[in-house]
Amino acid sequence: MWRGVPGCLRDIVQWQVALCSHSFVRTWGSCGKAMTEALSAQAEAAGGLKALVQPNGDAGSNTSGEPLLERLEPAAVGKQVPESGDQAQGGEGQLPSNGEPAPAPVADSGKRKKRRGATGERVVPPPKKRRTGVSFSDEHFAETTYYFEGGLRKVRPYYFDFQTYCKGRWVGRSLLHVFSTEFRSQPLSYYEAAVRAGRLHLNEEPVQDLSIVLKDNDFLRNTVHRHEPPVTAEPIRLLAENNDVVVIDKPSSIPVHPCGRFRHNTVIFILGKEHQLKELHPLHRLDRLTSGVLMFAKTAAVSEKIHEQVRDRQLEKEYVCRVAGEFPDKEVICKEPILVVSYKVGVCRVDPQGKPCETVFQRLSYNGRSSVVQCRPLTGRTHQIRVHLQFLGHPILNDPIYNSTAWGPSRGQGGHIPKTDEELLRDLVAEHQAKESLSMLDLCEGDLTPGLIDSTAPSSELAKDSLEGSAAQKIDGIAEAAPQHLDTPEKAAKADVTQETDPLCAECRVLRQDPLPQDLVMFLHALRYKGPDFEYVSPIPAWAQDDWQED
């Protein structure tokens with residue numbers, strides 16, 4: 001504690017501490033006066049120590065820049081410390097130092113608060129307390145409504161607040177810099193228009209200038225006009241419900257929970273809005289394009305119980321799929337490790353550096369062109385069944401990722417991929433851009449930032465012209481529309497929040513072709529989920545029937 005502290009300073013502090021605890025406080029009178037004079041003399045003699053101690057990084061300063069002498073020096077004996085926390089302004093009984101009043105006690109934070117609110121310095125409020133867990137209320141469900149068209153479930157566009165605290169890498173940088181480097185899906189002209197419209201807030205105050213420099217704990221809120229991709233209109237069917245769990249038959253194309261561009265078009269929101277099933281805990285996950293058995297716990301206790309069974313490998317999962325070609329008519333076990341290539345695009349591949357996993361396959365039928373295969377994953381890696389089937393040379397028949405020519409002539413069979421990961425991602429994105437099916441990769445044009453567009457430009461220049469035209473149309477649309485509408489907070493406040501078009505929204509200007517309902521189905525279905533005391537089975541889909549024929 002006393003390392004690096006000069007001896008005379010240590011004596012002053014120890015002497016004062018002894019005075020406070022001495023049992024002969026009653027004799028303070030004349031003795032105390034003499035001690036006070038002696039202390040004053042020593043403090044004056046040590047007056048030059050402040051300048052010497054402060055620059056000492058080991059013992060001379062704290063994080064607030066206060067000298068160690070000020071930090072350690074207690075309130076004078078007999079002086080009452082104010083309960084309000086305000087700094088004491090001199091008074092009898094305080095020990096002088098170089099003719100100046102003694103500093104405030106350690107417990108007093110008034111001095112630091114005063115510095116924090118110095119003239120010209122922006123004060124950042126403390127962060128808000130966050131609620132533990134993820135749940136959605138009626139207020140969230142009421143943000144917008146559904147409508148059905150052409151076999152699709154659609155969401156009416158709505159206003160939504162994206163909220164975040166300042167990330168560590170943003171501290172000391174301007175909002176302009178952050179938007180231009182990390183949020184490049186929109187041009188800077190959009191954010192400038194959003195400022196004029198009063199849609200950007202910093203600590204709940206409208207942003208007036210994008211050059212403002214961010215600080216730790218800054219809270220940002222950005223109001224946007226949000227569009228969601230359509231999903232299948234096929235209803236969510238309840239397989240079972242009791243006091244502990246809810247079990248459904250999930251249609252293909254619907255994500256389990258809000259992610260990316262999906263919020264209301266998710267299982268969690270549809271169950272809450274249409275079935276009044278809320279506060280659910282997902283017990284396992286299914287890919288957006290995978291259909292079948294999906295379980296939710298109604299309480300945290302049930303969730304923990306079943307997750308413990310998952311960790312102990314007491315649960316059995318069974319899938320069915322339709323794959324390309326004639327699958328071997330015997331049990332096939334694949335133990336190839338799987339590595340994630342891109343979390344953003346959602347692509348994995350077999351790689352020795354990947355995580356260990358195991359899947360057991362058994363052919364159920366073959367119609368001369370494709371096979372129906374039973375799949376039993378013994379581990380739960382991302383895209384495990386799909387990647388293992390690709391490795392075996394029998395990818396799922398309509399898999400938009402793992403049955404793509406972007407993997408090369410062999411389509412990834414045996415792990416043979418004659419290109420780098422960057423080239424693979426580039427060609428996958430280019431293929432789906434040409435087909436106008438980026439949503440199958442859970443991407444949209446706005447996700448293709450300038451850097452990503454450059455890195456995903458195919459060598460064959462496939463779809464390059466249409467991509468550039470689309471991007472230019474968006475940027476020009478924003479630049480033209482922004483000054484004409486909602487260019488002041490007053491106009492923005494008067495805007496109808498239920499409107500389905502927005503003058504600042506580039507998505508409102510893009511006419512997208514709806515996918516066909518059958519294009520939203522992938523031939524992979526979670527057929528059975530079994531535990532020590534439960535078993536749930538969903539109906540076999542039409543494409544897995546023996547008499548099914550390809551179009």
# chains A, B, ... in the order shown; residues from 1 in each chain; ligands from 1

$ residues_around --residues "stretch 381-388 of chain A" --least-positions-apart "4" --cutoff "10 Å" --atoms "only C-alpha atoms" --output "number ranges by chain"
A: 285-287, 319, 321, 323, 333-340, 346-350, 355-361, 375-377, 392-396, 399, 401-403, 412-415, 524

$ residues_around --residues "A:Asn367" --least-positions-apart "4" --cutoff "10 Å" --atoms "only C-alpha atoms" --output "list of chain:residue names"
A:Gly325, A:Glu326, A:Ser371, A:Val372, A:Asp546, A:Asp547, A:Trp548, A:Gln549, A:Glu550

$ closest_residue --among "A:Ala297, A:Leu389, A:Ala233, A:Leu152" --to "A:Pro515" --atoms "only C-alpha atoms"
A:Leu152

$ residues_around --residues "A:Phe148" --least-positions-apart "2" --cutoff "10 Å" --atoms "only C-alpha atoms" --output "tab-separated table (two decimals) with C-alpha atoms, in the first residue's frame"
chain	number	residue	atom	x	y	z
A	146	TYR	CA	-49.99	-9.35	-42.24
A	150	GLY	CA	-50.25	-15.32	-54.21
A	151	GLY	CA	-49.68	-18.05	-51.63
A	152	LEU	CA	-47.37	-15.80	-49.62
A	153	ARG	CA	-47.55	-14.25	-46.16
A	154	LYS	CA	-46.50	-10.61	-46.40
A	155	VAL	CA	-45.80	-7.89	-43.85
A	230	PRO	CA	-42.41	-12.71	-47.92
A	231	VAL	CA	-42.66	-16.26	-46.59
A	232	THR	CA	-45.00	-19.11	-47.37
A	233	ALA	CA	-48.67	-18.62	-46.51

$ closest_residue --among "A:Arg411, A:Arg426, A:Arg322, A:His225" --to "A:Leu397" --atoms "only C-alpha atoms"
A:Arg322

$ residues_around --residues "A:His307" --least-positions-apart "5" --cutoff "12 Å" --atoms "only C-alpha atoms" --output "MDAnalysis selection string"
chainID A and resid 281:284 295:297 300:302 312:315 531

$ write_last_selection --atoms "N, CA, C and O atoms" --output "PDB file, in the first residue's frame"
ATOM      1  N   HIS A 281     -39.600 -20.234 -25.105  1.00  0.00           N
ATOM      2  CA  HIS A 281     -38.155 -20.476 -25.125  1.00  0.00           C
ATOM      3  C   HIS A 281     -37.847 -21.545 -26.174  1.00  0.00           C
ATOM      4  O   HIS A 281     -38.195 -22.717 -25.974  1.00  0.00           O
ATOM      5  N   PRO A 282     -37.218 -21.204 -27.298  1.00  0.00           N
ATOM      6  CA  PRO A 282     -36.874 -22.229 -28.294  1.00  0.00           C
ATOM      7  C   PRO A 282     -35.934 -23.273 -27.696  1.00  0.00           C
ATOM      8  O   PRO A 282     -34.942 -22.937 -27.047  1.00  0.00           O
ATOM      9  N   LEU A 283     -36.261 -24.542 -27.910  1.00  0.00           N
ATOM     10  CA  LEU A 283     -35.458 -25.627 -27.358  1.00  0.00           C
ATOM     11  C   LEU A 283     -34.418 -26.137 -28.343  1.00  0.00           C
ATOM     12  O   LEU A 283     -33.467 -26.807 -27.959  1.00  0.00           O
ATOM     13  N   HIS A 284     -34.611 -25.881 -29.613  1.00  0.00           N
ATOM     14  CA  HIS A 284     -33.631 -26.222 -30.631  1.00  0.00           C
ATOM     15  C   HIS A 284     -33.916 -25.337 -31.828  1.00  0.00           C
ATOM     16  O   HIS A 284     -34.886 -24.571 -31.829  1.00  0.00           O
ATOM     17  N   MET A 295     -39.804 -27.388 -31.124  1.00  0.00           N
ATOM     18  CA  MET A 295     -40.296 -27.367 -29.749  1.00  0.00           C
ATOM     19  C   MET A 295     -39.934 -26.062 -29.045  1.00  0.00           C
ATOM     20  O   MET A 295     -38.856 -25.505 -29.249  1.00  0.00           O
ATOM     21  N   PHE A 296     -40.871 -25.612 -28.207  1.00  0.00           N
ATOM     22  CA  PHE A 296     -40.652 -24.451 -27.347  1.00  0.00           C
ATOM     23  C   PHE A 296     -41.027 -24.821 -25.913  1.00  0.00           C
ATOM     24  O   PHE A 296     -42.013 -25.534 -25.696  1.00  0.00           O
ATOM     25  N   ALA A 297     -40.262 -24.314 -24.970  1.00  0.00           N
ATOM     26  CA  ALA A 297     -40.621 -24.459 -23.555  1.00  0.00           C
ATOM     27  C   ALA A 297     -41.407 -23.234 -23.119  1.00  0.00           C
ATOM     28  O   ALA A 297     -41.175 -22.123 -23.600  1.00  0.00           O
ATOM     29  N   ALA A 300     -38.635 -21.125 -18.091  1.00  0.00           N
ATOM     30  CA  ALA A 300     -37.176 -21.259 -18.097  1.00  0.00           C
ATOM     31  C   ALA A 300     -36.744 -22.574 -17.464  1.00  0.00           C
ATOM     32  O   ALA A 300     -35.734 -23.163 -17.876  1.00  0.00           O
ATOM     33  N   ALA A 301     -37.496 -23.043 -16.469  1.00  0.00           N
ATOM     34  CA  ALA A 301     -37.135 -24.297 -15.801  1.00  0.00           C
ATOM     35  C   ALA A 301     -37.232 -25.476 -16.760  1.00  0.00           C
ATOM     36  O   ALA A 301     -36.341 -26.334 -16.810  1.00  0.00           O
ATOM     37  N   VAL A 302     -38.300 -25.532 -17.541  1.00  0.00           N
ATOM     38  CA  VAL A 302     -38.452 -26.618 -18.517  1.00  0.00           C
ATOM     39  C   VAL A 302     -37.368 -26.507 -19.591  1.00  0.00           C
ATOM     40  O   VAL A 302     -36.802 -27.515 -20.033  1.00  0.00           O
ATOM     41  N   ASP A 312     -26.511 -34.004 -22.467  1.00  0.00           N
ATOM     42  CA  ASP A 312     -26.225 -35.405 -22.117  1.00  0.00           C
ATOM     43  C   ASP A 312     -26.521 -36.361 -23.265  1.00  0.00           C
ATOM     44  O   ASP A 312     -26.444 -37.576 -23.090  1.00  0.00           O
ATOM     45  N   ARG A 313     -26.896 -35.800 -24.426  1.00  0.00           N
ATOM     46  CA  ARG A 313     -27.197 -36.591 -25.626  1.00  0.00           C
ATOM     47  C   ARG A 313     -28.285 -37.634 -25.371  1.00  0.00           C
ATOM     48  O   ARG A 313     -28.184 -38.789 -25.796  1.00  0.00           O
ATOM     49  N   GLN A 314     -29.329 -37.200 -24.668  1.00  0.00           N
ATOM     50  CA  GLN A 314     -30.460 -38.084 -24.419  1.00  0.00           C
ATOM     51  C   GLN A 314     -31.566 -37.904 -25.457  1.00  0.00           C
ATOM     52  O   GLN A 314     -32.579 -38.593 -25.392  1.00  0.00           O
ATOM     53  N   LEU A 315     -31.398 -36.963 -26.374  1.00  0.00           N
ATOM     54  CA  LEU A 315     -32.433 -36.687 -27.369  1.00  0.00           C
ATOM     55  C   LEU A 315     -32.065 -37.298 -28.716  1.00  0.00           C
ATOM     56  O   LEU A 315     -30.883 -37.357 -29.078  1.00  0.00           O
ATOM     57  N   GLY A 531     -37.299 -37.646 -26.694  1.00  0.00           N
ATOM     58  CA  GLY A 531     -36.528 -37.538 -25.471  1.00  0.00           C
ATOM     59  C   GLY A 531     -36.870 -38.658 -24.518  1.00  0.00           C
ATOM     60  O   GLY A 531     -37.648 -39.565 -24.852  1.00  0.00           O
TER      61      GLY A 531
END

$ select_by_dssp --residues "stretch 174-292 of chain A" --states "helix (DSSP H, G or I)" --output "list of chain:residue names"
A:Leu175, A:Leu176, A:His177, A:Val178, A:Phe179, A:Ser180, A:Thr181, A:Glu182, A:Leu188, A:Ser189, A:Tyr190, A:Tyr191, A:Glu192, A:Ala193, A:Ala194, A:Val195, A:Arg196, A:Val267, A:Ile268, A:Phe269, A:Ile270, A:Leu271, A:Gly272, A:Lys273, A:Glu274

$ atom_distance --atom1 "atom CA of A:Leu378" --atom2 "atom CA of A:Val267"
25.4 Å

$ select_by_dssp --residues "stretch 154-275 of chain A" --states "strand (DSSP E)" --output "NGL selection string"
:A and (154-155 or 158-165 or 200-202 or 205-206 or 219-226 or 231-232 or 237-241 or 245-250)

$ closest_residue --among "A:Asp519, A:Glu205, A:Glu228, A:Asp351" --to "A:Thr144" --atoms "only C-alpha atoms"
A:Glu228
